[in-house]
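Enquirer: What follows is a structure written as structure tokens; I'll ask about it next.
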Amino acid sequence: MRHLVGIDVGGTFTDFVAFDPQTQKLDVWKTLSTPKDPIEGILSGLENYDANAIEAVDHLRLGTTIATNAILERKGSVVAYVTTRGFRDVPFIQRGKRKSHYDLTWIKSKPLAKRRYCFEIGGRITARGEEYEPLDENEIKTLARTIANDPNIKAIAVCLLFSYVNPIHERRVADIFSNECPDKPVSISYSVLPKWKEYERASTTIADAYIRPLVSHHIGRVEEQFTKKGIGKRVAVIKSNGGEMSLDAAKNAPIQMTLSGPTGGVVGAKHISSLVGVEHLVTLDMGGTSTDVSTVVSGRESFTTSFEIEFGVPIQIPMIDIRTMGAGGGSLAWIDKGGMLRVGPQSAGAQPGPACYDQGGNEATVTDANVVLGRISPSNFLGGSMQLNQEVANQAIGKIAESINKNIDQTALAIVQIANNNMIGALRSVLTERGLDPRDFTLLGFGGAGPVHVSDLMYHSGIPSGIIPNHPGQFSAFGFTMTDARIDLERTTQMTSKAFNRDHANKVIKELSQEAVESLNLQGHKGEINLYRSLEMRYFGQNHELEVPISFDEFNDITILSGWEQFHQAHRDRFNFDIPGEIIELISVKLTAVAVTERPDLPTITKGHDKPEPVGSRLVTFDEGKLETRIYQRDQLKMGHSLEGPVVIEEPASVTVVRPEQKVLVDEYGHLLLGKIASTNR
Amino acid sequence: MDMVTMNIIESAMVAICREMGVNVQKTAYSTIFSEAEDFTCALASPEGEMIAVAEYCPAQIGGVPLLVRSMVKEISLSNIKKGDVIVHNDPYRGGLHTPEHTMFKPIFVDDELMGFAVTIGHFVEVGGMVPGGFPGEATEIFHEGVRIPPVKIIKEGKDVPEVWKLLLANVRTPRGNYGDLRAMISAVDLGESRLVDLIKKYGKKTFRTTIIDLMDYSESRMRSEISSIPDGRYEFEDGLEDDGIEDKEYTIKVTVFVQGDEVVIDYTGSSPQAKGPINATLGVAYSASFNAMLNLTDESIPKNSGCFRPIRVIAPAGTIMNVNYPGSEVGGNTETHPLIVACIFGALSKAAPNRVMASEGTTHGCFVFGGWDEDNDQPFGAFDFTYVGYGGRDFADGNDATDSINGNCANTPTEVFETRFPWIVEEYALRQDSEGAGQHRGGLSISKTMLCTGGDMLISQMTNKHKKQAWGLFNGQDGISGATLYQASGQNNWQTISEAFGKVSPSKYSNVPVKPGDRVSVKAPGGGGFGDPSKRDPKAVVEDVLEGFISSEKATIDYGYEKKWINKYGDTSGIVDKKHVND
């Protein structure tokens, strides 16, 4: 195995993690991003890598926010949307809900296509998949020519009613368009998301068409530049499901890149879960403006298919279920009209940043509070490369303190407590709201600010153990070096336990398996491919499904019964009741195919036979009060070293703060294990 | 007052309510709460004060305090035991209308009653004269389905089989109702266990003082919001076009007195109660008044009973604002509620023009149908609603196709609708030109046209504004009325339900038979405009014409539009502009 590089292109920085399997050396660095043309930042970053090593880079994986930003900033292409007669307004009507109850200022989002470019065609498939009205080929050809002749239109999205049951009309329409307007790419809903509920499917298909020209261009640039420089035999991009896909596959399914960047942390977490031997992890990726949380349950990531990139614009391809909340180091503290102290979601951002950055900001942020509390050292921030101004932080917090009539320390502590409480809300949303017990979990904290808060969050949310990985500031890029090639497919296959069409269900399972395996083969994965199947089911009459994994690949007399029984059991486990004897409805068949790729063995560190020596001590304020606290340098800690809070462990891109009485243990890879896991792993 | 502990306990309680809601939504059978979120989860104090609530259905939120107080009036606190669950739906005991069922579960810590977990949900089937719960021609509460006074459905953790049997014997879809009841019970169970954990963490004493502080805090926030509205007496009136029984209008008259940091909302002068089911219960009068005030004030105020203290509601008994027993009332919650809210906005438009909107369509469109489900050999009932246009505002157009303000329900997708029910939907579209013109125009409503494909069905409806219109404000024009049209199999002409079936009202009717090949088209009313149409930005006029939201003919009449405006003002790039700033 030759060198492997993971690259995470973020808004401010591009992170690099490179692994050399010969020396088992992991290199970590970052450069400034170049938002105008991201490839520039990537290339200049790679130049920082050892010149000889560049030659040796074999496999390069790229996480990018280009698709996300194109949609969020509405910088995609003009799309023609083609749908069943009577339904062109579905993307405008949406689901009819307001974003919140009591906000008369709310303005409904617009879809990604203009209504003047939404077209209707005749032809109709019924809910049972039968043709009710045939297509009118002449009508479609005429429309195709109109679209071909309109220079504004750059891409086409087709979503016809009930195509998930029978795609024959959609496929025919796509053929006609490909013939009549070969220069304009066509996205069809059956390929993008063969799932019922026309608005969500339409929205996802339109988004796919909307970003297709841009993504193709970007991927094309990557290919061209890398080939020119001779970098990387195999270049891949990261999908929203955390897996990688080839550049060709990305051009054909751009929507799969919607949530590319943030998935790295979760994939990295999954790796750590097996390495450290922890079954259930909850991840906390806290940066300057926002925090992402997600879970790894029984060693597997959690997925969602109900993502909305903004309210009213759903993109429902399978992706890692990452919840983002507006709480980060830069979140502002403020006093509401009733005198209550609040924190975020407004942020000081990168410019001017927290007051203590001394770049002109004078409003109190969470980072300022951490500086006042002594948790972050002004002289050792980002490994000393940035000097923080303690005095400005004091002034900013002081202003808030006056208005709530507390002293500066109490106020800083309250700011941190409220920010923590906001994050506890996010943790609840991925744990208790999904029926998961925090007491079974370990909190993995990363991002620049994550390690500062992990210890408090464990304590207040009832999560007994915590882990701080190596290089917490570049953990997402690290995750990319650990990922597999992965395809998630789903097809709505609605039927009930009372009227179960076994042959049809078996046909769907078979087709999905074939499609996934062929696609992975095409991307060059010829080795072992693991298939995982599951069924989305519910009691007949309910409207939300439970996903039940199945171990069989074919329905027969025995497996059908076990499938129903598994559903009753899953319902009991999740909701504390079941309805024995009730009709069960199968909604979708899901299939995941994973081609396992080679991954690096992490380097281990040397065993420490002595006691670790602190590099100093200072007063740090905790919930319990102001305590004299020992300070350690992370790179001086060795395997087996154990500490007890209150301690602060500093490293170049982050600081780990440990509450009084909490235990810390350093494992063989250099991970910091906190709390219960530190006592049991000794 | 410890503001930090308060902030933390408040958000933890709201998270509990949200989590209860997830349980209800994922397990319920009625699409109206599983898909449309027509339910609410709340926590209440033993005294019946709502202490926290999650954002699900607005009509129900304001109803929670009265529901809890009515319940404990009938079942004394000393008779409430750990593990009990109480069910209730009676509109004459604090309820909103018969479809709305409420579950209460007491929360004990060390044998001491600390509060209640509460879930309210809208059941599609409740018995009564029509399948689907909305008999447009009901004249007594008894026509509107089974009445359930507060009774224990679970005693100390054990099902009470007599109650279950009685409830399920009186509805057409016992299987579905069983599932809905179980879903709600699982939510209050969860609420109980989570709140017990929270109280144990902070201690009973801290918890108690904190919730008192919290309600005081919300009260003070609401008072300061009201203070910012100029003192005065503001009147407004609007009417329901008929009650389904008699062809005459019913007036809602509201007088809003703002004095300092308090407001009195007085409905004296409203019409005597109607024979048909458009009456508001006292619960609806409160709930709608609170809904309006929450919309006019800062959204970030924590929602609890404290918010409502500076608001007095006067709803004279025997009027359509506070129906006397045994009047019918099912539409009070869906039609009268949004009209009440609109009237309060209308009244306060004189005091705070920049906070209100012109009238929305003010109807939930409640179209219900039922028949025999051949595939599963059982009766079925279904509830479908249509989206109205919202009113224009001082700073923006009214939103198109949005649920009326009493609800915040998601639609049933056509692919789900046709899979479940014997209809083919032929059109689900925005109604071009349905909006009222204005500097900021009203929103467009929707039109849904369906072809019956199955066996015989009965349809019923409870809607409004087929004769009246959503009004504009400040020279903004009125929106266009709604309509429900019927086309018999093999015929070409469309008729109103009154014309086709001799019903008194085109918008409120019960048990109209439809057979395969018949078509029904339900069209909702559009929203009223805000401000003089002559002040509308020509760019916005051209954009509406290019997008087909408004015809060039109507644009010419309303705005003096001419074709040459396209070259002058039109953006013909086809690029979707950047999303709005406050999304």
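So you can find residues: chains in the structure tokens are A, B, ... in the order shown, residues in each start at 1, and ligands are numbered from 1 in order.
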Please identify which residues in stretch 429-479 of chain B DSSP calls strand (DSSP E) from the backbone, and express them as an MDAnalysis selection string.
Expert: chainID B and resid 429:430 446:452 457:462
Enquirer: Since we have the selection now, will you write its residues out, keeping N, CA and C atoms, as a tab-separated table (two decimals), in the first residue's frame?
Expert:
chain	number	residue	atom	x	y	z
B	429	ALA	N	-52.69	22.07	-7.73
B	429	ALA	CA	-52.02	23.23	-8.33
B	429	ALA	C	-52.30	24.52	-7.57
B	430	LEU	N	-51.45	25.49	-7.80
B	430	LEU	CA	-51.72	26.84	-7.32
B	430	LEU	C	-52.85	27.43	-8.18
B	446	ILE	N	-54.69	26.90	-3.28
B	446	ILE	CA	-54.53	25.74	-4.16
B	446	ILE	C	-55.87	25.18	-4.61
B	447	SER	N	-55.78	24.35	-5.63
B	447	SER	CA	-56.94	23.67	-6.19
B	447	SER	C	-56.59	22.20	-6.32
B	448	LYS	N	-57.50	21.34	-5.88
B	448	LYS	CA	-57.25	19.90	-5.99
B	448	LYS	C	-58.46	19.24	-6.65
B	449	THR	N	-58.22	18.59	-7.78
B	449	THR	CA	-59.32	17.96	-8.52
B	449	THR	C	-59.12	16.45	-8.51
B	450	MET	N	-60.20	15.74	-8.12
B	450	MET	CA	-60.10	14.30	-7.91
B	450	MET	C	-61.17	13.56	-8.71
B	451	LEU	N	-60.79	12.40	-9.20
B	451	LEU	CA	-61.72	11.53	-9.91
B	451	LEU	C	-61.95	10.30	-9.05
B	452	CYS	N	-63.22	10.00	-8.76
B	452	CYS	CA	-63.53	8.83	-7.93
B	452	CYS	C	-63.33	7.56	-8.75
B	457	MET	N	-68.81	6.29	-2.19
B	457	MET	CA	-68.28	6.97	-1.02
B	457	MET	C	-69.25	8.06	-0.60
B	458	LEU	N	-69.10	8.48	0.66
B	458	LEU	CA	-69.83	9.65	1.13
B	458	LEU	C	-68.80	10.74	1.39
B	459	ILE	N	-69.08	11.94	0.89
B	459	ILE	CA	-68.18	13.05	1.19
B	459	ILE	C	-68.90	14.09	2.04
B	460	SER	N	-68.17	14.76	2.90
B	460	SER	CA	-68.71	15.83	3.73
B	460	SER	C	-67.65	16.91	3.79
B	461	GLN	N	-68.07	18.12	4.10
B	461	GLN	CA	-67.07	19.19	4.17
B	461	GLN	C	-67.46	20.25	5.18
B	462	MET	N	-66.44	20.85	5.75
B	462	MET	CA	-66.59	21.97	6.66
B	462	MET	C	-65.57	23.01	6.22
Enquirer: Skip A:Phe19 itself and residues of its chain fewer than 3 positions away, then list as a PyMOL selection string all residues within 6 Å of it, counting only C-alpha atoms.
Expert: chain A and resi 3-4+25-26
Enquirer: Pick the closest to B:Gly21 from B:Phe383, B:Tyr559, B:Phe39, B:Phe421: which is it, counting only C-alpha atoms?
Expert: B:Phe39
Enquirer: Would you list the contacts of A:Gly527 as a list in words, taking every protein, DNA or RNA residue within 12 Å and counting only C-alpha atoms, but skipping same-chain residues closer than 6 positions in sequence?
Expert: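 So, after excluding close chain neighbours, the residues are Ala485, Val517, Leu520, Asn521, Val594, Ala595, Val596, Thr597 and Glu598 of chain A.
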Enquirer: DSSP on the backbone, alpha helix (DSSP H) only: what residues of stretch 26-192 of chain A does that give? Format it as a PyMOL selection string.
Expert: chain A and resi 38-47+51-56+66-72+90-93+137-149+168-180+189-192
Enquirer: Neighbouring residues of stretch 239-248 of chain B were defined as those with any atom within 10 Å, considering only C-alpha atoms; residues of the same chain fewer than 3 positions away were excluded. Please report them as a PyMOL selection string.
Expert: chain B and resi 135-139+251-253+270-271+273-279+331+335-336+339-340+343+362+461-469+503-510
Enquirer: Write the residues of the selection above to a file with C-alpha atoms, as a PDB file, in the first residue's frame.
Expert:
ATOM      1  CA  PRO B 135     -70.428  16.755   9.662  1.00  0.00           C
ATOM      2  CA  GLY B 136     -71.145  20.078   7.985  1.00  0.00           C
ATOM      3  CA  GLU B 137     -74.803  19.824   8.894  1.00  0.00           C
ATOM      4  CA  ALA B 138     -74.600  18.746  12.542  1.00  0.00           C
ATOM      5  CA  THR B 139     -76.934  20.621  14.866  1.00  0.00           C
ATOM      6  CA  THR B 251     -70.668  37.837  12.670  1.00  0.00           C
ATOM      7  CA  ILE B 252     -67.587  37.743  14.843  1.00  0.00           C
ATOM      8  CA  LYS B 253     -67.199  41.109  16.484  1.00  0.00           C
ATOM      9  CA  SER B 270     -70.970  38.571  18.043  1.00  0.00           C
ATOM     10  CA  SER B 271     -73.932  36.655  16.582  1.00  0.00           C
ATOM     11  CA  GLN B 273     -74.891  30.771  18.430  1.00  0.00           C
ATOM     12  CA  ALA B 274     -75.593  29.017  15.155  1.00  0.00           C
ATOM     13  CA  LYS B 275     -77.640  25.864  14.681  1.00  0.00           C
ATOM     14  CA  GLY B 276     -74.873  24.419  12.533  1.00  0.00           C
ATOM     15  CA  PRO B 277     -71.373  23.368  13.642  1.00  0.00           C
ATOM     16  CA  ILE B 278     -69.474  26.636  13.316  1.00  0.00           C
ATOM     17  CA  ASN B 279     -69.663  27.623  16.978  1.00  0.00           C
ATOM     18  CA  GLY B 331     -65.985  23.698  12.705  1.00  0.00           C
ATOM     19  CA  GLU B 335     -63.063  27.685  10.510  1.00  0.00           C
ATOM     20  CA  THR B 336     -63.992  30.054  13.282  1.00  0.00           C
ATOM     21  CA  LEU B 339     -61.339  33.930  11.405  1.00  0.00           C
ATOM     22  CA  ILE B 340     -61.052  35.046  15.047  1.00  0.00           C
ATOM     23  CA  CYS B 343     -60.277  39.707  13.215  1.00  0.00           C
ATOM     24  CA  THR B 362     -59.161  31.376   7.095  1.00  0.00           C
ATOM     25  CA  GLN B 461     -67.075  19.188   4.171  1.00  0.00           C
ATOM     26  CA  MET B 462     -66.593  21.970   6.663  1.00  0.00           C
ATOM     27  CA  THR B 463     -65.114  24.992   4.981  1.00  0.00           C
ATOM     28  CA  ASN B 464     -65.836  28.684   4.507  1.00  0.00           C
ATOM     29  CA  LYS B 465     -65.268  31.644   2.159  1.00  0.00           C
ATOM     30  CA  HIS B 466     -67.143  30.254  -0.826  1.00  0.00           C
ATOM     31  CA  LYS B 467     -69.249  33.402  -0.757  1.00  0.00           C
ATOM     32  CA  LYS B 468     -67.031  35.742   1.239  1.00  0.00           C
ATOM     33  CA  GLN B 469     -63.415  36.774   0.570  1.00  0.00           C
ATOM     34  CA  LYS B 503     -77.686  21.596   0.028  1.00  0.00           C
ATOM     35  CA  VAL B 504     -78.227  24.901   1.847  1.00  0.00           C
ATOM     36  CA  SER B 505     -74.531  25.679   1.947  1.00  0.00           C
ATOM     37  CA  PRO B 506     -71.949  25.099  -0.800  1.00  0.00           C
ATOM     38  CA  SER B 507     -69.209  24.906   1.822  1.00  0.00           C
ATOM     39  CA  LYS B 508     -70.727  22.927   4.730  1.00  0.00           C
ATOM     40  CA  TYR B 509     -72.521  19.711   3.980  1.00  0.00           C
ATOM     41  CA  SER B 510     -72.846  16.123   5.138  1.00  0.00           C
TER      42      SER B 510
END
Enquirer: For B:Val356, which residue among B:Gly121, B:Pro65, B:Gly472, B:Gly454 is the nearest when counting only C-alpha atoms?
Expert: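 Nearest candidate to B:Val356 out of B:Gly121, B:Pro65, B:Gly472, B:Gly454: B:Gly472.
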Enquirer: Which of these residues is nearest to chain A, using only C-alpha atoms: B:Gly191, B:Gly370, B:Pro272, B:Gly502?
Expert: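 Under the stated criterion, the closest residue is B:Gly191.
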Enquirer: What's around A:Leu72 at 8 Å? Count only C-alpha atoms, leave out sequence neighbours fewer than 4 positions away in its own chain, and write the answer as a list in words.
Expert: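 Residues near the query, excluding close chain neighbours: Thr68, Ile309 and Glu310 of chain A.
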Enquirer: Take the residues from that selection and put them in a file with N, CA and C atoms, as a PDB file, in the first residue's frame.
Expert:
ATOM      1  N   THR A  68     -23.002  21.535  -1.444  1.00  0.00           N
ATOM      2  CA  THR A  68     -23.777  22.185  -0.384  1.00  0.00           C
ATOM      3  C   THR A  68     -23.868  23.685  -0.628  1.00  0.00           C
ATOM      4  N   ILE A 309     -31.985  20.801   3.281  1.00  0.00           N
ATOM      5  CA  ILE A 309     -30.820  21.683   3.271  1.00  0.00           C
ATOM      6  C   ILE A 309     -31.208  23.062   3.761  1.00  0.00           C
ATOM      7  N   GLU A 310     -32.441  23.462   3.499  1.00  0.00           N
ATOM      8  CA  GLU A 310     -33.027  24.602   4.189  1.00  0.00           C
ATOM      9  C   GLU A 310     -34.505  24.275   4.298  1.00  0.00           C
TER      10      GLU A 310
END
Enquirer: Name all residues at most 12 Å from B:Asp111 (count only C-alpha atoms; drop same-chain ones fewer than 4 positions away) and give them as a PyMOL selection string.
Expert: chain B and resi 78+80-83+106-107+115+196+204
Enquirer: Report, in Å to a single decimal, how far apart atom CA of B:Pro338 and atom CA of B:His101 are.
Expert: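 Rounded to one decimal, the two atoms are 20.3 Å apart.
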Enquirer: I'd like the interatomic distance between atom CA of B:Glu249 and atom CA of B:Gly482, to a tenth of an Å.
Expert: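 These two atoms are separated by 16.5 Å.
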Enquirer: Pick the closest to A:Phe622 from A:Glu490, A:Asp103, A:Glu661, A:Glu170: which is it, counting only C-alpha atoms?
Expert: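 Closest residue, counting only C-alpha atoms: A:Glu661.
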Enquirer: If I take atom CA of A:Gly445 and atom CA of A:Leu284, how far is one from the other in Å, to one decimal?
Expert: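 It comes out at 4.9 Å.
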Enquirer: Skip A:Ser429 itself and residues of its chain fewer than 4 positions away, then list as a PDB file with N, CA and C atoms, in the first residue's frame all residues within 10 Å of it, counting only C-alpha atoms.
Expert:
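selection.pdb, freshly written:
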ATOM      1  N   VAL A 293     -23.456  17.005  15.565  1.00  0.00           N
ATOM      2  CA  VAL A 293     -23.506  15.791  16.380  1.00  0.00           C
ATOM      3  C   VAL A 293     -24.073  14.645  15.560  1.00  0.00           C
ATOM      4  N   SER A 294     -23.599  13.452  15.865  1.00  0.00           N
ATOM      5  CA  SER A 294     -24.062  12.264  15.170  1.00  0.00           C
ATOM      6  C   SER A 294     -23.763  11.059  16.053  1.00  0.00           C
ATOM      7  N   ARG A 323     -26.681  16.237  12.870  1.00  0.00           N
ATOM      8  CA  ARG A 323     -27.473  17.404  13.242  1.00  0.00           C
ATOM      9  C   ARG A 323     -26.524  18.569  13.498  1.00  0.00           C
ATOM     10  N   MET A 423     -25.940  22.473  23.573  1.00  0.00           N
ATOM     11  CA  MET A 423     -25.367  21.284  22.933  1.00  0.00           C
ATOM     12  C   MET A 423     -25.971  20.005  23.505  1.00  0.00           C
ATOM     13  N   ILE A 424     -26.342  20.054  24.795  1.00  0.00           N
ATOM     14  CA  ILE A 424     -27.011  18.890  25.391  1.00  0.00           C
ATOM     15  C   ILE A 424     -28.343  18.648  24.675  1.00  0.00           C
ATOM     16  N   GLY A 425     -29.021  19.746  24.292  1.00  0.00           N
ATOM     17  CA  GLY A 425     -30.258  19.615  23.514  1.00  0.00           C
ATOM     18  C   GLY A 425     -29.999  18.878  22.211  1.00  0.00           C
ATOM     19  N   GLU A 433     -34.254  11.213  21.854  1.00  0.00           N
ATOM     20  CA  GLU A 433     -35.380  11.348  20.924  1.00  0.00           C
ATOM     21  C   GLU A 433     -35.443  10.185  19.951  1.00  0.00           C
ATOM     22  N   ARG A 434     -34.363   9.403  19.871  1.00  0.00           N
ATOM     23  CA  ARG A 434     -34.407   8.220  19.006  1.00  0.00           C
ATOM     24  C   ARG A 434     -34.410   6.942  19.826  1.00  0.00           C
ATOM     25  N   GLY A 435     -34.720   7.103  21.131  1.00  0.00           N
ATOM     26  CA  GLY A 435     -34.844   5.937  21.985  1.00  0.00           C
ATOM     27  C   GLY A 435     -33.505   5.359  22.435  1.00  0.00           C
ATOM     28  N   LEU A 436     -32.426   6.142  22.363  1.00  0.00           N
ATOM     29  CA  LEU A 436     -31.112   5.657  22.788  1.00  0.00           C
ATOM     30  C   LEU A 436     -30.777   6.230  24.165  1.00  0.00           C
TER      31      LEU A 436
ATOM     32  N   ALA B  15     -37.567  20.110  25.325  1.00  0.00           N
ATOM     33  CA  ALA B  15     -37.007  18.926  24.648  1.00  0.00           C
ATOM     34  C   ALA B  15     -37.816  17.681  25.005  1.00  0.00           C
ATOM     35  N   ARG B  18     -40.897  17.729  22.951  1.00  0.00           N
ATOM     36  CA  ARG B  18     -40.595  17.388  21.569  1.00  0.00           C
ATOM     37  C   ARG B  18     -40.429  15.871  21.414  1.00  0.00           C
ATOM     38  N   GLU B  19     -39.755  15.298  22.403  1.00  0.00           N
ATOM     39  CA  GLU B  19     -39.516  13.863  22.354  1.00  0.00           C
ATOM     40  C   GLU B  19     -40.837  13.094  22.464  1.00  0.00           C
TER      41      GLU B  19
END
